[in-house]
Amino acid sequence: PRGARIRLGSDIRNLLKRGERKRTRHLDVFFDVSPVPHSRLGLIVPKHGHTIVERNLVKRRLREIGRREALPRLGGSRMPTDVLLRARLTAYDAEYSVLEAEVMTAVEAWCSGEF
């Protein structure tokens with residue numbers, strides 16, 4: 001839903017600057033406490049020289065992972081959290097299941113306090 005998105009550039013910049021980062025093979029995942037009373041998700045998918053069709057596919061995959069897996073898990077955690085997923089160049093070649101596993105590993109680490 002619209003309220004679960006991080007859309008403002010200032011929110012994204014703050015998250016990149018102050019958030020805690022978990023780097024995986026295909027993604028950089030940033031976490032920080034949310035200023036609103038619910039968890040939110042943001043995406044950054046650079047072009048990396050790929051076509052818009054390929055870029056949109058990566059965005060759709062990450063958005064779906066966030067909607068179906070990450071946000072529900074964060075909703076039951078200790079506090080509302082903002083999550084920012086930034087795709088790396090290798091994300092264009094990754095399958096959905098690989099991206100999902102990486103996001104959920106990072107989310108589980110954050111929720112368990114191992115971050």
# chains A, B, ... in the order shown; residues from 1 in each chain; ligands from 1

call {"tool": "residues_around", "arguments": {"residues": "stretch 78-80 of chain A", "least_positions_apart": "3", "cutoff": "9 Å", "atoms": "only C-alpha atoms", "output": "PyMOL selection string"}}
result
chain A and resi 32-40+74-75+111

call {"tool": "write_last_selection", "arguments": {"atoms": "all heavy atoms", "output": "PDB file, in the first residue's frame"}}
result
ATOM      1  N   ASP A  32      16.624   1.115   9.425  1.00  0.00           N
ATOM      2  CA  ASP A  32      16.618   2.157  10.436  1.00  0.00           C
ATOM      3  C   ASP A  32      15.225   2.196  11.064  1.00  0.00           C
ATOM      4  O   ASP A  32      14.253   1.732  10.472  1.00  0.00           O
ATOM      5  CB  ASP A  32      16.962   3.518   9.832  1.00  0.00           C
ATOM      6  CG  ASP A  32      17.398   4.533  10.875  1.00  0.00           C
ATOM      7  OD1 ASP A  32      17.679   4.128  12.028  1.00  0.00           O
ATOM      8  OD2 ASP A  32      17.463   5.729  10.558  1.00  0.00           O
ATOM      9  N   VAL A  33      15.141   2.756  12.250  1.00  0.00           N
ATOM     10  CA  VAL A  33      13.856   2.891  12.927  1.00  0.00           C
ATOM     11  C   VAL A  33      12.982   3.857  12.128  1.00  0.00           C
ATOM     12  O   VAL A  33      13.439   4.910  11.691  1.00  0.00           O
ATOM     13  CB  VAL A  33      14.061   3.392  14.368  1.00  0.00           C
ATOM     14  CG1 VAL A  33      12.733   3.613  15.060  1.00  0.00           C
ATOM     15  CG2 VAL A  33      14.909   2.407  15.152  1.00  0.00           C
ATOM     16  N   SER A  34      11.738   3.497  11.951  1.00  0.00           N
ATOM     17  CA  SER A  34      10.816   4.294  11.143  1.00  0.00           C
ATOM     18  C   SER A  34      10.267   5.478  11.934  1.00  0.00           C
ATOM     19  O   SER A  34       9.894   5.320  13.100  1.00  0.00           O
ATOM     20  CB  SER A  34       9.662   3.417  10.666  1.00  0.00           C
ATOM     21  OG  SER A  34       8.775   4.156   9.877  1.00  0.00           O
ATOM     22  N   PRO A  35      10.184   6.656  11.307  1.00  0.00           N
ATOM     23  CA  PRO A  35       9.585   7.799  11.991  1.00  0.00           C
ATOM     24  C   PRO A  35       8.053   7.743  12.023  1.00  0.00           C
ATOM     25  O   PRO A  35       7.425   8.530  12.711  1.00  0.00           O
ATOM     26  CB  PRO A  35      10.060   8.994  11.158  1.00  0.00           C
ATOM     27  CG  PRO A  35      10.292   8.436   9.803  1.00  0.00           C
ATOM     28  CD  PRO A  35      10.733   7.008  10.010  1.00  0.00           C
ATOM     29  N   VAL A  36       7.471   6.831  11.290  1.00  0.00           N
ATOM     30  CA  VAL A  36       6.018   6.643  11.285  1.00  0.00           C
ATOM     31  C   VAL A  36       5.691   5.375  12.077  1.00  0.00           C
ATOM     32  O   VAL A  36       6.572   4.552  12.315  1.00  0.00           O
ATOM     33  CB  VAL A  36       5.464   6.563   9.837  1.00  0.00           C
ATOM     34  CG1 VAL A  36       5.692   7.863   9.103  1.00  0.00           C
ATOM     35  CG2 VAL A  36       6.065   5.410   9.072  1.00  0.00           C
ATOM     36  N   PRO A  37       4.449   5.171  12.476  1.00  0.00           N
ATOM     37  CA  PRO A  37       4.131   4.036  13.358  1.00  0.00           C
ATOM     38  C   PRO A  37       4.024   2.672  12.669  1.00  0.00           C
ATOM     39  O   PRO A  37       3.510   1.739  13.265  1.00  0.00           O
ATOM     40  CB  PRO A  37       2.786   4.438  13.969  1.00  0.00           C
ATOM     41  CG  PRO A  37       2.195   5.386  13.016  1.00  0.00           C
ATOM     42  CD  PRO A  37       3.325   6.086  12.344  1.00  0.00           C
ATOM     43  N   HIS A  38       4.508   2.543  11.438  1.00  0.00           N
ATOM     44  CA  HIS A  38       4.487   1.250  10.761  1.00  0.00           C
ATOM     45  C   HIS A  38       5.755   1.100   9.909  1.00  0.00           C
ATOM     46  O   HIS A  38       6.429   2.081   9.608  1.00  0.00           O
ATOM     47  CB  HIS A  38       3.235   1.099   9.893  1.00  0.00           C
ATOM     48  CG  HIS A  38       3.087   2.191   8.883  1.00  0.00           C
ATOM     49  ND1 HIS A  38       2.481   3.387   9.188  1.00  0.00           N
ATOM     50  CD2 HIS A  38       3.474   2.290   7.598  1.00  0.00           C
ATOM     51  CE1 HIS A  38       2.503   4.173   8.130  1.00  0.00           C
ATOM     52  NE2 HIS A  38       3.103   3.520   7.145  1.00  0.00           N
ATOM     53  N   SER A  39       6.072  -0.118   9.550  1.00  0.00           N
ATOM     54  CA  SER A  39       7.254  -0.392   8.730  1.00  0.00           C
ATOM     55  C   SER A  39       7.011   0.037   7.291  1.00  0.00           C
ATOM     56  O   SER A  39       5.885  -0.024   6.797  1.00  0.00           O
ATOM     57  CB  SER A  39       7.601  -1.874   8.776  1.00  0.00           C
ATOM     58  OG  SER A  39       7.967  -2.242  10.087  1.00  0.00           O
ATOM     59  N   ARG A  40       8.096   0.474   6.620  1.00  0.00           N
ATOM     60  CA  ARG A  40       7.994   0.922   5.227  1.00  0.00           C
ATOM     61  C   ARG A  40       9.132   0.317   4.411  1.00  0.00           C
ATOM     62  O   ARG A  40      10.159  -0.084   4.952  1.00  0.00           O
ATOM     63  CB  ARG A  40       8.089   2.443   5.139  1.00  0.00           C
ATOM     64  CG  ARG A  40       7.023   3.164   5.901  1.00  0.00           C
ATOM     65  CD  ARG A  40       7.097   4.657   5.721  1.00  0.00           C
ATOM     66  NE  ARG A  40       8.372   5.187   6.175  1.00  0.00           N
ATOM     67  CZ  ARG A  40       8.800   6.428   5.940  1.00  0.00           C
ATOM     68  NH1 ARG A  40       8.059   7.273   5.252  1.00  0.00           N
ATOM     69  NH2 ARG A  40       9.962   6.840   6.393  1.00  0.00           N
ATOM     70  N   LEU A  74       8.562  -7.731   9.499  1.00  0.00           N
ATOM     71  CA  LEU A  74       8.929  -6.544  10.265  1.00  0.00           C
ATOM     72  C   LEU A  74       7.747  -6.008  11.071  1.00  0.00           C
ATOM     73  O   LEU A  74       7.941  -5.367  12.102  1.00  0.00           O
ATOM     74  CB  LEU A  74       9.451  -5.457   9.333  1.00  0.00           C
ATOM     75  CG  LEU A  74      10.817  -5.742   8.719  1.00  0.00           C
ATOM     76  CD1 LEU A  74      11.114  -4.737   7.613  1.00  0.00           C
ATOM     77  CD2 LEU A  74      11.904  -5.724   9.775  1.00  0.00           C
ATOM     78  N   GLY A  75       6.533  -6.253  10.599  1.00  0.00           N
ATOM     79  CA  GLY A  75       5.346  -5.812  11.322  1.00  0.00           C
ATOM     80  C   GLY A  75       5.222  -6.471  12.684  1.00  0.00           C
ATOM     81  O   GLY A  75       4.675  -5.895  13.616  1.00  0.00           O
ATOM     82  N   CYS A 111      15.750  -8.457  12.855  1.00  0.00           N
ATOM     83  CA  CYS A 111      14.709  -8.733  13.845  1.00  0.00           C
ATOM     84  C   CYS A 111      15.245  -9.472  15.068  1.00  0.00           C
ATOM     85  O   CYS A 111      14.739  -9.302  16.174  1.00  0.00           O
ATOM     86  CB  CYS A 111      13.587  -9.550  13.206  1.00  0.00           C
ATOM     87  SG  CYS A 111      12.600  -8.604  12.024  1.00  0.00           S
TER      88      CYS A 111
END

call {"tool": "select_by_dssp", "arguments": {"residues": "stretch 3-99 of chain A", "states": "alpha helix (DSSP H)", "output": "PyMOL selection string"}}
result
chain A and resi 9-18+52-65+71-75+96-99

call {"tool": "write_last_selection", "arguments": {"atoms": "N, CA, C and O atoms", "output": "compact mmCIF listing (two decimals), in the first residue's frame"}}
result
# COMPACT_ATOMS: atom_id res chain seq x y z
N GLY A 9 12.63 11.64 -1.36
CA GLY A 9 14.08 11.60 -1.51
C GLY A 9 14.80 11.87 -0.21
O GLY A 9 15.85 11.28 0.07
N SER A 10 14.25 12.74 0.62
CA SER A 10 14.88 13.05 1.90
C SER A 10 14.88 11.83 2.83
O SER A 10 15.86 11.58 3.54
N ASP A 11 13.78 11.06 2.82
CA ASP A 11 13.74 9.83 3.62
C ASP A 11 14.76 8.82 3.14
O ASP A 11 15.42 8.15 3.94
N ILE A 12 14.90 8.70 1.83
CA ILE A 12 15.86 7.75 1.26
C ILE A 12 17.29 8.18 1.60
O ILE A 12 18.12 7.36 2.01
N ARG A 13 17.59 9.47 1.45
CA ARG A 13 18.94 9.97 1.78
C ARG A 13 19.27 9.75 3.25
O ARG A 13 20.38 9.34 3.59
N ASN A 14 18.31 10.01 4.13
CA ASN A 14 18.53 9.78 5.56
C ASN A 14 18.80 8.32 5.86
O ASN A 14 19.65 7.99 6.68
N LEU A 15 18.07 7.45 5.21
CA LEU A 15 18.26 6.02 5.42
C LEU A 15 19.62 5.56 4.91
O LEU A 15 20.29 4.76 5.55
N LEU A 16 20.04 6.08 3.77
CA LEU A 16 21.36 5.74 3.24
C LEU A 16 22.47 6.26 4.15
O LEU A 16 23.51 5.61 4.31
N LYS A 17 22.25 7.40 4.75
CA LYS A 17 23.26 8.05 5.57
C LYS A 17 23.34 7.45 6.98
O LYS A 17 24.42 7.16 7.49
N ARG A 18 22.17 7.26 7.61
CA ARG A 18 22.15 6.84 9.01
C ARG A 18 21.80 5.37 9.22
O ARG A 18 22.01 4.85 10.31
N ILE A 52 15.24 -0.72 -19.69
CA ILE A 52 14.17 -0.41 -18.74
C ILE A 52 13.34 -1.65 -18.43
O ILE A 52 12.82 -1.81 -17.32
N VAL A 53 13.21 -2.55 -19.39
CA VAL A 53 12.46 -3.79 -19.17
C VAL A 53 13.15 -4.63 -18.10
O VAL A 53 12.50 -5.15 -17.18
N GLU A 54 14.45 -4.77 -18.19
CA GLU A 54 15.21 -5.53 -17.19
C GLU A 54 15.15 -4.86 -15.83
O GLU A 54 15.00 -5.52 -14.80
N ARG A 55 15.25 -3.54 -15.82
CA ARG A 55 15.20 -2.78 -14.57
C ARG A 55 13.84 -2.93 -13.90
O ARG A 55 13.75 -3.14 -12.69
N ASN A 56 12.77 -2.85 -14.68
CA ASN A 56 11.43 -3.02 -14.12
C ASN A 56 11.21 -4.42 -13.57
O ASN A 56 10.51 -4.59 -12.57
N LEU A 57 11.80 -5.42 -14.18
CA LEU A 57 11.68 -6.78 -13.68
C LEU A 57 12.32 -6.89 -12.30
O LEU A 57 11.74 -7.48 -11.38
N VAL A 58 13.50 -6.31 -12.12
CA VAL A 58 14.17 -6.34 -10.82
C VAL A 58 13.33 -5.58 -9.79
O VAL A 58 13.14 -6.04 -8.67
N LYS A 59 12.79 -4.42 -10.18
CA LYS A 59 11.95 -3.65 -9.26
C LYS A 59 10.70 -4.42 -8.85
O LYS A 59 10.34 -4.43 -7.68
N ARG A 60 10.05 -5.07 -9.79
CA ARG A 60 8.85 -5.84 -9.47
C ARG A 60 9.17 -7.00 -8.54
O ARG A 60 8.41 -7.28 -7.60
N ARG A 61 10.29 -7.66 -8.78
CA ARG A 61 10.69 -8.77 -7.91
C ARG A 61 10.94 -8.28 -6.49
O ARG A 61 10.45 -8.87 -5.52
N LEU A 62 11.71 -7.20 -6.35
CA LEU A 62 12.02 -6.69 -5.01
C LEU A 62 10.78 -6.16 -4.31
O LEU A 62 10.61 -6.35 -3.10
N ARG A 63 9.91 -5.50 -5.03
CA ARG A 63 8.67 -4.99 -4.43
C ARG A 63 7.80 -6.14 -3.92
O ARG A 63 7.23 -6.07 -2.84
N GLU A 64 7.72 -7.21 -4.69
CA GLU A 64 6.91 -8.36 -4.29
C GLU A 64 7.52 -9.06 -3.08
O GLU A 64 6.80 -9.47 -2.16
N ILE A 65 8.82 -9.20 -3.04
CA ILE A 65 9.49 -9.79 -1.88
C ILE A 65 9.22 -8.95 -0.64
O ILE A 65 8.92 -9.47 0.44
N LEU A 71 7.89 -7.01 4.84
CA LEU A 71 7.03 -6.14 5.65
C LEU A 71 6.19 -6.90 6.67
O LEU A 71 6.07 -6.45 7.81
N PRO A 72 5.60 -8.05 6.31
CA PRO A 72 4.87 -8.80 7.35
C PRO A 72 5.77 -9.25 8.50
O PRO A 72 5.38 -9.21 9.66
N ARG A 73 7.00 -9.64 8.17
CA ARG A 73 7.94 -10.06 9.23
C ARG A 73 8.33 -8.88 10.10
O ARG A 73 8.42 -9.00 11.33
N LEU A 74 8.56 -7.73 9.50
CA LEU A 74 8.93 -6.54 10.27
C LEU A 74 7.75 -6.01 11.07
O LEU A 74 7.94 -5.37 12.10
N GLY A 75 6.53 -6.25 10.60
CA GLY A 75 5.35 -5.81 11.32
C GLY A 75 5.22 -6.47 12.68
O GLY A 75 4.68 -5.90 13.62
N TYR A 96 14.53 -14.97 -8.66
CA TYR A 96 13.63 -14.49 -7.61
C TYR A 96 13.96 -15.15 -6.27
O TYR A 96 14.04 -14.48 -5.24
N SER A 97 14.14 -16.46 -6.28
CA SER A 97 14.37 -17.19 -5.03
C SER A 97 15.67 -16.76 -4.34
O SER A 97 15.74 -16.72 -3.12
N VAL A 98 16.68 -16.43 -5.12
CA VAL A 98 17.95 -15.98 -4.56
C VAL A 98 17.78 -14.60 -3.91
O VAL A 98 18.24 -14.37 -2.78
N LEU A 99 17.10 -13.70 -4.60
CA LEU A 99 16.85 -12.37 -4.03
C LEU A 99 16.00 -12.47 -2.77
O LEU A 99 16.27 -11.80 -1.77

call {"tool": "closest_residue", "arguments": {"among": "A:Leu89, A:Glu95, A:Asp82, A:Pro46", "to": "A:His26", "atoms": "only C-alpha atoms"}}
result
A:Leu89

call {"tool": "closest_residue", "arguments": {"among": "A:Arg2, A:Arg21, A:Arg68, A:His48", "to": "A:Leu85", "atoms": "only C-alpha atoms"}}
result
A:Arg21

call {"tool": "residues_around", "arguments": {"residues": "A:Phe31", "least_positions_apart": "6", "cutoff": "6 Å", "atoms": "only C-alpha atoms", "output": "list in words"}}
result
Gly19, Glu20, Asp82 and Val83 of chain A

call {"tool": "write_last_selection", "arguments": {"atoms": "N, CA and C atoms", "output": "PDB file, in the first residue's frame"}}
result
ATOM      1  N   GLY A  19      21.259   4.726   8.215  1.00  0.00           N
ATOM      2  CA  GLY A  19      20.801   3.353   8.383  1.00  0.00           C
ATOM      3  C   GLY A  19      21.945   2.359   8.498  1.00  0.00           C
ATOM      4  N   GLU A  20      21.631   1.238   9.097  1.00  0.00           N
ATOM      5  CA  GLU A  20      22.604   0.151   9.195  1.00  0.00           C
ATOM      6  C   GLU A  20      22.509  -0.693   7.929  1.00  0.00           C
ATOM      7  N   ASP A  82      12.166   1.035   8.804  1.00  0.00           N
ATOM      8  CA  ASP A  82      12.267   1.378   7.385  1.00  0.00           C
ATOM      9  C   ASP A  82      13.328   0.486   6.765  1.00  0.00           C
ATOM     10  N   VAL A  83      13.018  -0.086   5.612  1.00  0.00           N
ATOM     11  CA  VAL A  83      13.946  -0.946   4.882  1.00  0.00           C
ATOM     12  C   VAL A  83      14.137  -0.363   3.494  1.00  0.00           C
TER      13      VAL A  83
END

call {"tool": "select_by_dssp", "arguments": {"residues": "chain A", "states": "strand (DSSP E)", "output": "ChimeraX atom specification"}}
result
/A:20-23,27-33,40-44,81-87

call {"tool": "residues_around", "arguments": {"residues": "A:Glu114", "least_positions_apart": "5", "cutoff": "12 Å", "atoms": "only C-alpha atoms", "output": "JSON, numbers by chain"}}
result
{"A": [20, 22, 105, 106, 107, 108, 109]}

call {"tool": "write_last_selection", "arguments": {"atoms": "C-alpha atoms", "output": "short mmCIF file (atom, residue, chain, number, x, y, z; two decimals), in the first residue's frame"}}
result
data_model
loop_
_atom_site.label_atom_id
_atom_site.label_comp_id
_atom_site.auth_asym_id
_atom_site.auth_seq_id
_atom_site.Cartn_x
_atom_site.Cartn_y
_atom_site.Cartn_z
CA GLU A 20 22.60 0.15 9.19
CA LYS A 22 23.76 -5.39 5.36
CA THR A 105 18.33 -13.35 5.75
CA ALA A 106 18.95 -9.64 6.28
CA VAL A 107 15.48 -9.08 7.77
CA GLU A 108 15.84 -12.03 10.15
CA ALA A 109 19.25 -10.74 11.27
#

call {"tool": "atom_distance", "arguments": {"atom1": "atom CA of A:Tyr92", "atom2": "atom CA of A:Pro1"}}
result
25.1 Å
